[in-house]
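Right, one structure below, let's go through it.
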Amino acid sequence: MTQPSTFEPEGRAVPFVDEGEGPVTLVLVTDRSLEADGLGVISHYLAEEAGFRVVRIGSRATAEGITAADRAADAAAVIEDLGIEDTWIGGHGRGSTIARTFAVEHPARVNGLLMLGVEDEQIPLAPGIPVLIIQAENDDVTPPANAEALQATAPERATVTRIPGADHYFVATHPIETAVVIEEYLDWD
């Protein structure tokens, strides 16, 4: 797997991994360190098997007091530095909230939103952007009701896919199943 790099916009140390090349770019934001985010296998599969460019953006070393808007600004800085003009953006749990914030603040840069478990946050979906929600069947941290409520706000463009038998940690316990759902959905993009 590709080694992490660090981008330091305005003195903020933001770790990221950039792997793969291809016509589809996917940015995954995590609220954890890159080594513990659980998205590595999914990212590697999408880069190697599906031919996507996947950028994972980790959390600053000192993340205390950092808001979703601050993290969205970190993601914007990394995306800008990498020369990415537009992308699908997503994350797991808190990472999906950060991605949703990014989409609201930078809608012209977002092709679509990928939410792996939905937190109960009062952040609207950015207008006109397709949304793929992947939800674990037995998630008690980001329960299926959250995904259903969010989908109900934009049923014409929000799709929910469930991972049977999975809990909140489905990105680590069911990475290939999750990656295949993403690959098949984004294949039309």
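Residues are referred to by chain and number: the chain letter is A, B, ... according to the order shown in the structure tokens, the number counts from 1 in that chain, and ligands are numbered separately from 1 in the order shown.
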Contacts of segment 3-97 of chain A with segment 101-111 of chain A up to 12 Å, shortest pair per row, only C-alpha atoms, as CSV:
```
residue,atom,partner,partner_atom,distance
A:Val24,CA,A:Asn111,CA,9.6
A:Thr25,CA,A:Asn111,CA,9.2
A:Leu26,CA,A:Asn111,CA,9.4
A:Val27,CA,A:Val110,CA,9.9
A:Leu28,CA,A:Phe102,CA,11.4
A:Val29,CA,A:Phe102,CA,10.0
A:Thr67,CA,A:Thr101,CA,10.1
A:Ala68,CA,A:Thr101,CA,6.7
A:Ala69,CA,A:Thr101,CA,6.3
A:Asp70,CA,A:Thr101,CA,9.6
A:Arg71,CA,A:Phe102,CA,8.5
A:Ala72,CA,A:Phe102,CA,4.9
A:Ala73,CA,A:Phe102,CA,7.6
A:Asp74,CA,A:Phe102,CA,9.7
A:Ala75,CA,A:Phe102,CA,7.8
A:Ala76,CA,A:Phe102,CA,7.6
A:Ala77,CA,A:Phe102,CA,11.2
A:Ile79,CA,A:Arg109,CA,9.6
A:Glu80,CA,A:Arg109,CA,10.1
A:Gly83,CA,A:Arg109,CA,11.4
A:Ile84,CA,A:Arg109,CA,8.6
A:Glu85,CA,A:Arg109,CA,6.1
A:Asp86,CA,A:Arg109,CA,4.3
A:Thr87,CA,A:Val110,CA,5.1
A:Trp88,CA,A:Asn111,CA,5.1
A:Ile89,CA,A:Val110,CA,6.8
A:Gly90,CA,A:Phe102,CA,9.3
A:Gly91,CA,A:Phe102,CA,11.1
A:Arg94,CA,A:Thr101,CA,10.6
A:Gly95,CA,A:Thr101,CA,9.8
A:Ser96,CA,A:Thr101,CA,8.5
A:Thr97,CA,A:Thr101,CA,6.2
```
Q: Skip segment 133-142 of chain A itself and residues of its chain fewer than 2 positions away, then list as a PyMOL selection string all residues within 12 Å of it, counting only C-alpha atoms.
A: chain A and resi 89-97+100+112-121+125+130-131+144-152+154-155+157-175+177-182+185
Q | Atomic separation - atom CA of Arg12 of chain A relative to atom CA of Ala61 of chain A, Å | A |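 So the answer is 8.9 Å.
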Q | Distance in Å - atom CA of Ile66 of chain A versus atom CA of Ala36 of chain A | A |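 Separation between atom CA of Ile66 of chain A and atom CA of Ala36 of chain A: 18.7 Å.
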Q. Which polymer residues have any atom within 7 Å of an atom of Val54 of chain A, counting only C-alpha atoms, with same-chain residues fewer than 2 positions away left out, as an NGL selection string?
A. :A and (18-20 or 25-27 or 43 or 47 or 52 or 56)
Q | Distance in Å - atom CA of Val41 of chain A versus atom CA of Gly22 of chain A | A |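 Taking atom CA of Val41 of chain A as the start and atom CA of Gly22 of chain A as the end point, the length is 17.9 Å.
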Q | Which of A:Ile129, A:Ala50, A:Leu186, A:Val14 sits closest to Asp31 of chain A [using only C-alpha atoms] | A |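 Residue with the minimum atom-to-atom distance to Asp31 of chain A: A:Val14.
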